[in-house]
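Just my_file.pdb here, PDB, C-alpha atoms and all ligand atoms:
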```pdb
MODEL        1
ATOM      1  CA  MET Y   8     -22.561 -32.665  23.933
ATOM      2  CA  ALA Y   9     -24.568 -29.894  25.608
ATOM      3  CA  TYR Y  10     -21.305 -27.941  26.037
ATOM      4  CA  MET Y  11     -20.474 -28.378  22.327
ATOM      5  CA  ASN Y  12     -23.950 -27.113  21.392
ATOM      6  CA  PHE Y  13     -23.473 -24.110  23.697
ATOM      7  CA  LEU Y  14     -20.132 -23.299  22.005
ATOM      8  CA  ARG Y  15     -21.660 -23.637  18.549
ATOM      9  CA  GLU Y  16     -24.637 -21.376  19.416
ATOM     10  CA  SER Y  17     -22.554 -18.705  21.151
ATOM     11  CA  ALA Y  18     -19.782 -18.511  18.499
ATOM     12  CA  ALA Y  19     -21.930 -16.881  15.776
ATOM     13  CA  PRO Y  20     -23.234 -13.908  17.867
ATOM     14  CA  ILE Y  21     -19.750 -13.301  19.289
ATOM     15  CA  ALA Y  22     -18.240 -13.291  15.785
ATOM     16  CA  ALA Y  23     -20.992 -10.887  14.625
ATOM     17  CA  LEU Y  24     -20.309  -8.615  17.622
ATOM     18  CA  MET Y  25     -16.544  -8.601  16.883
ATOM     19  CA  ARG Y  26     -17.255  -7.688  13.244
ATOM     20  CA  ARG Y  27     -19.535  -4.812  14.383
ATOM     21  CA  LEU Y  28     -16.941  -3.569  16.871
ATOM     22  CA  HIS Y  29     -14.228  -3.691  14.204
ATOM     23  CA  GLY Y  30     -16.425  -1.696  11.816
ATOM     24  CA  ALA Y  31     -17.167   0.879  14.546
ATOM     25  CA  LEU Y  32     -13.504   1.656  15.258
ATOM     26  CA  PRO Y  33     -12.806   5.141  13.906
ATOM     27  CA  LEU Y  34      -9.073   4.582  13.456
ATOM     28  CA  ASP Y  35      -6.369   2.011  13.700
ATOM     29  CA  PRO Y  36      -6.356   1.213  17.482
ATOM     30  CA  ALA Y  37      -2.594   1.969  17.597
ATOM     31  CA  ALA Y  38      -3.322   5.524  16.484
ATOM     32  CA  LEU Y  39      -5.314   6.245  19.654
ATOM     33  CA  ALA Y  40      -2.438   5.565  22.045
ATOM     34  CA  PRO Y  41       0.138   8.186  23.094
ATOM     35  CA  GLY Y  42       3.561   7.728  21.555
ATOM     36  CA  HIS Y  43       6.425   9.414  19.744
ATOM     37  CA  CYS Y  44       6.902  10.952  16.329
ATOM     38  CA  ASP Y  45       8.643   8.299  14.194
ATOM     39  CA  LEU Y  46      11.111  10.849  12.828
ATOM     40  CA  CYS Y  47      12.080  13.349  15.565
ATOM     41  CA  GLN Y  48      10.943  11.268  18.587
ATOM     42  CA  CYS Y  49       9.050  14.194  20.171
ATOM     43  CA  ALA Y  50       5.791  13.358  21.978
ATOM     44  CA  SER Y  51       3.011  12.691  19.476
ATOM     45  CA  ARG Y  52       0.036  10.378  19.041
ATOM     46  CA  ALA Y  53       1.232   6.863  18.288
ATOM     47  CA  SER Y  54       1.472   6.144  14.567
ATOM     48  CA  ARG Y  55       1.355   9.851  13.720
ATOM     49  CA  LEU Y  56       4.180  12.186  12.846
ATOM     50  CA  CYS Y  57       4.364  15.471  14.771
ATOM     51  CA  PRO Y  58       2.992  18.418  12.714
ATOM     52  CA  TYR Y  59       6.525  19.667  11.910
ATOM     53  CA  CYS Y  60       7.802  16.334  10.512
ATOM     54  CA  ARG Y  61       4.491  15.679   8.761
ATOM     55  CA  GLY Y  62       4.824  19.040   6.982
ATOM     56  CA  LEU Y  63       8.389  18.188   5.904
ATOM     57  CA  VAL Y  64       7.405  14.741   4.576
ATOM     58  CA  LEU Y  65       4.368  16.004   2.655
ATOM     59  CA  ALA Y  66       6.115  19.109   1.285
ATOM     60  CA  SER Y  67       7.292  17.161  -1.786
ATOM     61  CA  MET Y  68       3.673  16.605  -2.853
ATOM     62  CA  ALA Y  69       2.484  20.081  -1.938
ATOM     63  CA  ASN Y  70       5.313  21.999  -3.655
ATOM     64  CA  GLY Y  71       6.486  19.633  -6.378
ATOM     65  CA  GLY Y  72       4.711  21.261  -9.354
ATOM     66  CA  ALA Y  73       2.764  19.450 -12.111
ATOM     67  CA  ARG Y  74       2.496  15.648 -12.015
ATOM     68  CA  CYS Y  75       1.459  12.911 -14.407
ATOM     69  CA  ALA Y  76      -2.302  12.373 -13.917
ATOM     70  CA  VAL Y  77      -1.874   8.582 -14.163
ATOM     71  CA  CYS Y  78       1.370   7.593 -12.398
ATOM     72  CA  ARG Y  79       1.886  10.748 -10.254
ATOM     73  CA  LEU Y  80       5.473  11.264 -11.450
ATOM     74  CA  ARG Y  81       6.691  14.811 -10.864
ATOM     75  CA  LEU Y  82       7.120  16.164 -14.400
ATOM     76  CA  ASP Y  83       9.778  18.818 -13.615
ATOM     77  CA  GLY Y  84       8.752  20.900 -16.651
ATOM     78  CA  ARG Y  85       8.397  17.960 -19.095
ATOM     79  CA  LYS Y  86       5.329  17.994 -21.372
ATOM     80  CA  ARG Y  87       5.110  14.182 -21.527
ATOM     81  CA  CYS Y  88       5.512  11.687 -18.683
ATOM     82  CA  PRO Y  89       8.758   9.724 -19.248
ATOM     83  CA  ASP Y  90       7.524   6.761 -17.162
ATOM     84  CA  CYS Y  91       4.105   6.133 -18.791
ATOM     85  CA  PRO Y  92       4.580   3.723 -21.761
ATOM     86  CA  PRO Y  93       3.145   4.780 -25.180
ATOM     87  CA  GLY Y  94       0.291   2.247 -24.858
ATOM     88  CA  GLY Y  95      -0.486   3.322 -21.304
ATOM     89  CA  TYR Y  96      -0.449   1.299 -18.093
ATOM     90  CA  ALA Y  97      -3.016  -1.399 -17.267
ATOM     91  CA  PHE Y  98      -3.838   0.345 -13.967
ATOM     92  CA  ASP Y  99      -6.207   3.315 -13.994
ATOM     93  CA  ARG Y 100      -4.420   5.691 -11.638
ATOM     94  CA  ILE Y 101      -1.988   5.998  -8.755
ATOM     95  CA  ILE Y 102      -2.475   7.754  -5.423
ATOM     96  CA  ALA Y 103       0.791   8.527  -3.601
ATOM     97  CA  ALA Y 104       1.353  10.147  -0.196
ATOM     98  CA  PHE Y 105       4.791  11.701  -0.844
ATOM     99  CA  ASP Y 106       7.866  11.609  -3.080
ATOM    100  CA  TYR Y 107      10.508   9.012  -2.196
ATOM    101  CA  ALA Y 108      12.982  11.551  -0.863
ATOM    102  CA  ALA Y 109      14.265  12.771   2.518
ATOM    103  CA  PRO Y 110      12.892  12.751   5.157
ATOM    104  CA  GLY Y 111       9.946  10.486   4.173
ATOM    105  CA  ASP Y 112      12.298   7.842   2.759
ATOM    106  CA  LEU Y 113      13.604   7.364   6.305
ATOM    107  CA  LEU Y 114      10.175   6.058   7.411
ATOM    108  CA  ILE Y 115      10.236   3.495   4.589
ATOM    109  CA  HIS Y 116      13.801   2.544   5.524
ATOM    110  CA  GLN Y 117      12.770   2.086   9.177
ATOM    111  CA  LEU Y 118      10.018  -0.320   8.133
ATOM    112  CA  LYS Y 119      11.813  -2.251   5.397
ATOM    113  CA  SER Y 120      15.400  -2.407   6.615
ATOM    114  CA  ARG Y 121      15.089  -2.062  10.374
ATOM    115  CA  GLY Y 122      11.836  -3.986  10.868
ATOM    116  CA  LYS Y 123      10.200  -1.118  12.778
ATOM    117  CA  PHE Y 124       6.587  -2.302  12.541
ATOM    118  CA  ILE Y 125       5.057   0.861  13.996
ATOM    119  CA  SER Y 126       6.228   2.734  10.879
ATOM    120  CA  ALA Y 127       3.694   0.700   8.822
ATOM    121  CA  ALA Y 128       0.830   2.337  10.750
ATOM    122  CA  THR Y 129       2.407   5.801  10.369
ATOM    123  CA  LEU Y 130       2.842   5.295   6.618
ATOM    124  CA  ALA Y 131      -0.709   3.920   6.312
ATOM    125  CA  GLY Y 132      -2.002   7.062   8.052
ATOM    126  CA  LEU Y 133      -0.228   9.323   5.541
ATOM    127  CA  LEU Y 134      -1.526   7.191   2.658
ATOM    128  CA  ALA Y 135      -5.089   7.184   4.054
ATOM    129  CA  ASP Y 136      -5.035  11.000   4.135
ATOM    130  CA  ALA Y 137      -3.783  11.085   0.513
ATOM    131  CA  VAL Y 138      -6.594   8.708  -0.540
ATOM    132  CA  GLN Y 139      -9.183  10.883   1.176
ATOM    133  CA  ASP Y 140      -7.784  14.049  -0.461
ATOM    134  CA  ALA Y 141      -7.574  12.492  -3.943
ATOM    135  CA  GLY Y 142     -10.480  12.625  -6.351
ATOM    136  CA  PRO Y 143     -12.568  10.818  -7.406
ATOM    137  CA  PRO Y 144     -13.018   8.876  -4.120
ATOM    138  CA  LEU Y 145     -12.617   5.088  -3.973
ATOM    139  CA  SER Y 146     -15.917   3.191  -3.916
ATOM    140  CA  LYS Y 147     -16.869   1.694  -0.531
ATOM    141  CA  ALA Y 148     -16.763  -1.767  -2.105
ATOM    142  CA  THR Y 149     -13.109  -1.399  -3.158
ATOM    143  CA  ILE Y 150     -10.972  -4.388  -2.168
ATOM    144  CA  LEU Y 151      -7.406  -3.766  -0.987
ATOM    145  CA  VAL Y 152      -4.698  -6.219  -2.004
ATOM    146  CA  SER Y 153      -1.002  -5.830  -1.272
ATOM    147  CA  VAL Y 154       1.899  -6.495  -3.631
ATOM    148  CA  PRO Y 155       3.108  -9.982  -2.643
ATOM    149  CA  ALA Y 156       6.755 -10.049  -1.538
ATOM    150  CA  GLY Y 157       9.235 -12.492  -3.063
ATOM    151  CA  ARG Y 158      10.201 -15.513  -0.996
ATOM    152  CA  ALA Y 159      13.754 -14.273  -0.414
ATOM    153  CA  ALA Y 160      12.517 -10.902   0.845
ATOM    154  CA  VAL Y 161      10.043 -12.519   3.254
ATOM    155  CA  LEU Y 162      12.761 -14.831   4.591
ATOM    156  CA  ARG Y 163      15.141 -11.894   5.017
ATOM    157  CA  ARG Y 164      12.639  -9.536   6.734
ATOM    158  CA  GLY Y 165      10.199 -11.974   8.271
ATOM    159  CA  PHE Y 166       7.242  -9.949   6.946
ATOM    160  CA  ASN Y 167       5.895  -8.177   3.859
ATOM    161  CA  PRO Y 168       6.016  -4.359   4.345
ATOM    162  CA  ALA Y 169       3.276  -3.754   1.723
ATOM    163  CA  ALA Y 170       0.932  -6.177   3.505
ATOM    164  CA  GLU Y 171       1.565  -4.476   6.865
ATOM    165  CA  ILE Y 172       0.715  -1.083   5.359
ATOM    166  CA  ALA Y 173      -2.393  -2.527   3.632
ATOM    167  CA  ARG Y 174      -3.614  -4.128   6.877
ATOM    168  CA  SER Y 175      -3.441  -0.802   8.709
ATOM    169  CA  LEU Y 176      -4.869   1.098   5.721
ATOM    170  CA  SER Y 177      -7.891  -1.221   5.520
ATOM    171  CA  ARG Y 178      -8.808  -0.322   9.126
ATOM    172  CA  ARG Y 179      -8.442   3.394   8.493
ATOM    173  CA  LEU Y 180     -10.401   3.415   5.210
ATOM    174  CA  ARG Y 181     -12.809   0.646   6.302
ATOM    175  CA  LEU Y 182     -12.137  -1.309   3.133
ATOM    176  CA  ALA Y 183     -11.733  -5.083   2.898
ATOM    177  CA  HIS Y 184      -8.127  -6.351   2.717
ATOM    178  CA  ARG Y 185      -7.870  -9.600   0.735
ATOM    179  CA  PRO Y 186      -4.133 -10.326   0.323
ATOM    180  CA  GLU Y 187      -4.888 -13.909  -0.780
ATOM    181  CA  LEU Y 188      -6.360 -12.628  -4.075
ATOM    182  CA  LEU Y 189      -2.917 -11.919  -5.487
ATOM    183  CA  VAL Y 190      -0.012 -14.366  -5.642
ATOM    184  CA  ARG Y 191       3.397 -14.462  -7.274
ATOM    185  CA  ALA Y 192       3.329 -16.681 -10.344
ATOM    186  CA  ARG Y 193       7.111 -17.041 -10.144
ATOM    187  CA  ASP Y 194       9.797 -15.759  -7.843
ATOM    188  CA  GLY Y 195      11.853 -13.111  -9.628
ATOM    189  CA  ALA Y 196      15.148 -11.679  -8.421
ATOM    190  CA  SER Y 197      15.162  -8.434  -6.444
ATOM    191  CA  GLN Y 198      14.586  -5.376  -8.652
ATOM    192  CA  THR Y 199      16.705  -3.004  -6.608
ATOM    193  CA  ARG Y 200      19.754  -3.260  -8.942
ATOM    194  CA  LEU Y 201      17.813  -3.036 -12.198
ATOM    195  CA  ASN Y 202      17.447   0.165 -14.205
ATOM    196  CA  ARG Y 203      14.014   1.509 -15.214
ATOM    197  CA  HIS Y 204      13.894  -0.373 -18.553
ATOM    198  CA  GLU Y 205      15.081  -3.671 -17.026
ATOM    199  CA  ARG Y 206      12.419  -3.398 -14.310
ATOM    200  CA  GLY Y 207       9.705  -3.187 -16.970
ATOM    201  CA  LEU Y 208      10.868  -6.419 -18.629
ATOM    202  CA  HIS Y 209      11.421  -8.198 -15.330
ATOM    203  CA  ALA Y 210       7.967  -7.525 -13.849
ATOM    204  CA  ARG Y 211       6.007  -9.087 -16.713
ATOM    205  CA  ALA Y 212       3.894 -12.120 -15.782
ATOM    206  CA  LEU Y 213       5.198 -12.141 -12.206
ATOM    207  CA  PHE Y 214       1.722 -12.216 -10.633
ATOM    208  CA  ARG Y 215      -1.614 -13.981 -10.991
ATOM    209  CA  CYS Y 216      -5.050 -13.451  -9.517
ATOM    210  CA  ALA Y 217      -6.139 -16.291  -7.202
ATOM    211  CA  GLY Y 218      -9.815 -15.491  -6.606
ATOM    212  CA  ASP Y 219     -13.003 -14.021  -8.016
ATOM    213  CA  VAL Y 220     -12.606 -10.299  -8.723
ATOM    214  CA  SER Y 221     -15.128 -10.001 -11.570
ATOM    215  CA  GLY Y 222     -16.702  -6.565 -11.656
ATOM    216  CA  ARG Y 223     -14.820  -5.434  -8.528
ATOM    217  CA  ASP Y 224     -12.786  -2.285  -7.935
ATOM    218  CA  ILE Y 225      -9.327  -3.262  -6.665
ATOM    219  CA  ALA Y 226      -6.730  -1.035  -4.982
ATOM    220  CA  VAL Y 227      -3.196  -2.451  -4.894
ATOM    221  CA  VAL Y 228      -1.076  -1.275  -1.945
ATOM    222  CA  ASP Y 229       2.706  -0.937  -2.148
ATOM    223  CA  ASP Y 230       5.361   0.993  -0.246
ATOM    224  CA  VAL Y 231       7.361   2.555  -3.108
ATOM    225  CA  LEU Y 232       6.498   2.985  -6.787
ATOM    226  CA  THR Y 233       9.620   3.336  -8.936
ATOM    227  CA  THR Y 234       8.458   2.835 -12.541
ATOM    228  CA  GLY Y 235       4.953   1.386 -12.421
ATOM    229  CA  SER Y 236       6.075  -1.891 -14.042
ATOM    230  CA  THR Y 237       5.148  -4.064 -11.034
ATOM    231  CA  LEU Y 238       1.704  -2.470 -10.696
ATOM    232  CA  HIS Y 239       1.234  -2.751 -14.470
ATOM    233  CA  SER Y 240       1.889  -6.489 -14.306
ATOM    234  CA  ILE Y 241      -0.520  -6.865 -11.354
ATOM    235  CA  ALA Y 242      -3.220  -4.772 -13.051
ATOM    236  CA  LEU Y 243      -2.931  -6.945 -16.188
ATOM    237  CA  ALA Y 244      -3.520 -10.078 -14.088
ATOM    238  CA  LEU Y 245      -6.442  -8.524 -12.186
ATOM    239  CA  LYS Y 246      -8.134  -7.143 -15.294
ATOM    240  CA  GLU Y 247      -7.695 -10.445 -17.142
ATOM    241  CA  ALA Y 248      -9.540 -11.972 -14.157
ATOM    242  CA  GLY Y 249     -12.395  -9.473 -14.674
ATOM    243  CA  ALA Y 250     -11.608  -6.586 -12.262
ATOM    244  CA  ALA Y 251     -13.576  -3.453 -13.214
ATOM    245  CA  SER Y 252     -10.816  -1.050 -12.136
ATOM    246  CA  VAL Y 253      -7.343  -1.214 -10.628
ATOM    247  CA  CYS Y 254      -5.850   1.680  -8.697
ATOM    248  CA  GLY Y 255      -2.374   1.768  -7.101
ATOM    249  CA  LEU Y 256      -2.072   3.123  -3.546
ATOM    250  CA  VAL Y 257       1.602   3.775  -2.877
ATOM    251  CA  VAL Y 258       3.177   5.500   0.060
ATOM    252  CA  ALA Y 259       6.072   6.997  -1.898
ATOM    253  CA  ARG Y 260       6.606   7.862  -5.569
ATOM    254  CA  THR Y 261      10.213   7.823  -6.796
ATOM    255  CA  PRO Y 262      11.089  11.006  -8.736
ATOM    256  CA  TYR Y 263      12.585  10.503 -12.210
TER     257      TYR Y 263
HETATM  258 ZN    ZN J 301       8.563  14.890  14.458
HETATM  259 ZN    ZN J 302       3.040   8.881 -15.939
ENDMDL
END
```
Would you give me this structure, written as structure tokens?
Amino acid sequence: MAYMNFLRESAAPIAALMRRLHGALPLDPAALAPGHCDLCQCASRASRLCPYCRGLVLASMANGGARCAVCRLRLDGRKRCPDCPPGGYAFDRIIAAFDYAAPGDLLIHQLKSRGKFISAATLAGLLADAVQDAGPPLSKATILVSVPAGRAAVLRRGFNPAAEIARSLSRRLRLAHRPELLVRARDGASQTRLNRHERGLHARALFRCAGDVSGRDIAVVDDVLTTGSTLHSIALALKEAGAASVCGLVVARTPY
């Protein structure tokens, strides 16, 4: 009995200490260890690309010309964004780290198709930098959620790439990650073979909010944004549940 009381009394201060230590960490712990660049394999800090590869991956964003202010699509001289629907999206804005093109797409491929977990931390680092460079900044009370994977995808991969990126991103940005707030209302088929219009129809009512988000700012993390239809569907669910704002944080934006 005395031992049980000791355990009960010591658990709370230890939990508080762990929370303080977690909050004090400046970066994802993996990022402090020596390692290799995920692309060229030269010596680099773990979970960080070498400066050369980083420059190549981010060049699409730096040199791509004008972009849609809402969905970050590269406009390539167009006056109107071809992806934004006439009534607008339910989300407020998108922040993207780079265009889904070589060589950055290789990092996504390593994570999603080859199960290379370390790439999630590298991608989260690139996304964290994009969030910090984007304006206006996210509020400190922003809650991160990740796009829930379909059952078939989880069974195939054994993990949800978006959730892995969100977990690492929450440490870097010191924002709460609450993946349980968002669930799939039904399991749709994979979208990879659908065209842009079909994706829009398919994503409707796929998700529902499973917690209290009233008045909260929510940032939804995903690996690749192709048309915005998935994030639109999620933002509808979150705003119907009372969310004050919904922002999409995506590692890569697919060009038109
Ligand atoms: Zn490199
Ligand atoms: Zn747009």
How would you write, as JSON, numbers by chain, the residues chosen by the PyMOL selection byres (((not hetatm)) within 10 of (chain J and resi 301)) on this structure?
{"Y": [43, 44, 45, 46, 47, 48, 49, 50, 51, 55, 56, 57, 58, 59, 60, 61, 62, 63, 64]}
Do you have, as CSV, the list of residues of chain Y lying at most 8 Å from ligand ZN 302 (chain J), each with its nearest atom pair and that distance in Å to one decimal, counting all atoms listed in the file and ordered by chain then number?
```
residue,atom,partner,partner_atom,distance
Y:Arg74,CA,J:ZN302,ZN,7.8
Y:Cys75,CA,J:ZN302,ZN,4.6
Y:Ala76,CA,J:ZN302,ZN,6.7
Y:Val77,CA,J:ZN302,ZN,5.2
Y:Cys78,CA,J:ZN302,ZN,4.1
Y:Arg79,CA,J:ZN302,ZN,6.1
Y:Leu80,CA,J:ZN302,ZN,5.6
Y:Arg87,CA,J:ZN302,ZN,8.0
Y:Cys88,CA,J:ZN302,ZN,4.6
Y:Pro89,CA,J:ZN302,ZN,6.7
Y:Asp90,CA,J:ZN302,ZN,5.1
Y:Cys91,CA,J:ZN302,ZN,4.1
Y:Pro92,CA,J:ZN302,ZN,7.9
```
Which residues, written as a PyMOL selection string, have at least one atom at most 9 Å from Asp229 of chain Y, with all atoms listed in the file counted and residues fewer than 3 positions away on the same chain left out?
chain Y and resi 153-154+168-170+172-173+232+238+255-259
Would you write out those residues with C-alpha atoms, as a CSV table (one decimal), in the frame of the given file?
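The resulting file, out.csv, is shown below:
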```csv
chain,number,residue,atom,x,y,z
Y,153,SER,CA,-1.0,-5.8,-1.3
Y,154,VAL,CA,1.9,-6.5,-3.6
Y,168,PRO,CA,6.0,-4.4,4.3
Y,169,ALA,CA,3.3,-3.8,1.7
Y,170,ALA,CA,0.9,-6.2,3.5
Y,172,ILE,CA,0.7,-1.1,5.4
Y,173,ALA,CA,-2.4,-2.5,3.6
Y,232,LEU,CA,6.5,3.0,-6.8
Y,238,LEU,CA,1.7,-2.5,-10.7
Y,255,GLY,CA,-2.4,1.8,-7.1
Y,256,LEU,CA,-2.1,3.1,-3.5
Y,257,VAL,CA,1.6,3.8,-2.9
Y,258,VAL,CA,3.2,5.5,0.1
Y,259,ALA,CA,6.1,7.0,-1.9
```
Neighbour list for Gly222 of chain Y as a JSON list (two decimals) with C-alpha atoms, in the frame of the given file, cut-off 12 Å, only C-alpha atoms, skip fewer than 3 positions in-chain:
```json
[["chain", "number", "residue", "atom", "x", "y", "z"],
["Y", 148, "ALA", "CA", -16.76, -1.77, -2.10],
["Y", 149, "THR", "CA", -13.11, -1.40, -3.16],
["Y", 150, "ILE", "CA", -10.97, -4.39, -2.17],
["Y", 219, "ASP", "CA", -13.00, -14.02, -8.02],
["Y", 225, "ILE", "CA", -9.33, -3.26, -6.66],
["Y", 245, "LEU", "CA", -6.44, -8.52, -12.19],
["Y", 246, "LYS", "CA", -8.13, -7.14, -15.29],
["Y", 247, "GLU", "CA", -7.70, -10.44, -17.14],
["Y", 248, "ALA", "CA", -9.54, -11.97, -14.16],
["Y", 249, "GLY", "CA", -12.40, -9.47, -14.67],
["Y", 250, "ALA", "CA", -11.61, -6.59, -12.26],
["Y", 251, "ALA", "CA", -13.58, -3.45, -13.21],
["Y", 252, "SER", "CA", -10.82, -1.05, -12.14],
["Y", 253, "VAL", "CA", -7.34, -1.21, -10.63]]
```
Once 4 Å is added on each side, what are the centre and the three edge lengths, in Å to one decimal, of the axis-aligned box enclosing the listed atoms of segment 98-109 of chain Y? Present them as JSON.
```
{"center_x": 4.0, "center_y": 6.6, "center_z": -5.7, "size_x": 28.5, "size_y": 20.4, "size_z": 24.5}
```
Give the answer as one residue: which of Y:Gly165, Y:Gly95, Y:Pro155, Y:Gly111 has the shortest atom-to-atom distance to Glu187 of chain Y, using all atoms listed in the file?
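Closest candidate: Y:Pro155.
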Tell me which protein, DNA and RNA residues are within 9 Å of Ile125 of chain Y, counting all atoms listed in the file, leaving out same-chain ones fewer than 2 positions away, and put them as a PyMOL selection string.
chain Y and resi 37+45+53-54+118+122-123+127-130
Saved selection, atoms kept: C-alpha atoms, as a short mmCIF file (atom, residue, chain, number, x, y, z; two decimals), keeping the file's coordinate frame:
```cif
data_model
loop_
_atom_site.label_atom_id
_atom_site.label_comp_id
_atom_site.auth_asym_id
_atom_site.auth_seq_id
_atom_site.Cartn_x
_atom_site.Cartn_y
_atom_site.Cartn_z
CA ALA Y 37 -2.59 1.97 17.60
CA ASP Y 45 8.64 8.30 14.19
CA ALA Y 53 1.23 6.86 18.29
CA SER Y 54 1.47 6.14 14.57
CA LEU Y 118 10.02 -0.32 8.13
CA GLY Y 122 11.84 -3.99 10.87
CA LYS Y 123 10.20 -1.12 12.78
CA ALA Y 127 3.69 0.70 8.82
CA ALA Y 128 0.83 2.34 10.75
CA THR Y 129 2.41 5.80 10.37
CA LEU Y 130 2.84 5.30 6.62
#
```
Rounded to one decimal in Å, what is the spacing between atom CA of Cys216 of chain Y and atom CA of Arg100 of chain Y?
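Spanning atom CA of Cys216 of chain Y to atom CA of Arg100 of chain Y is a straight-line distance of 19.3 Å.
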For atom CA of Asp106 of chain Y and atom CA of Leu65 of chain Y, quote the distance in Å rounded to one decimal.
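Separation of atom CA of Asp106 of chain Y and atom CA of Leu65 of chain Y: 8.0 Å.
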Between Y:Gly235, Y:Pro93, Y:Pro110, Y:Pro186, which has the minimum distance to Ala156 of chain Y (counting only C-alpha atoms)?
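Among the listed residues, the smallest separation from Ala156 of chain Y belongs to Y:Pro186.
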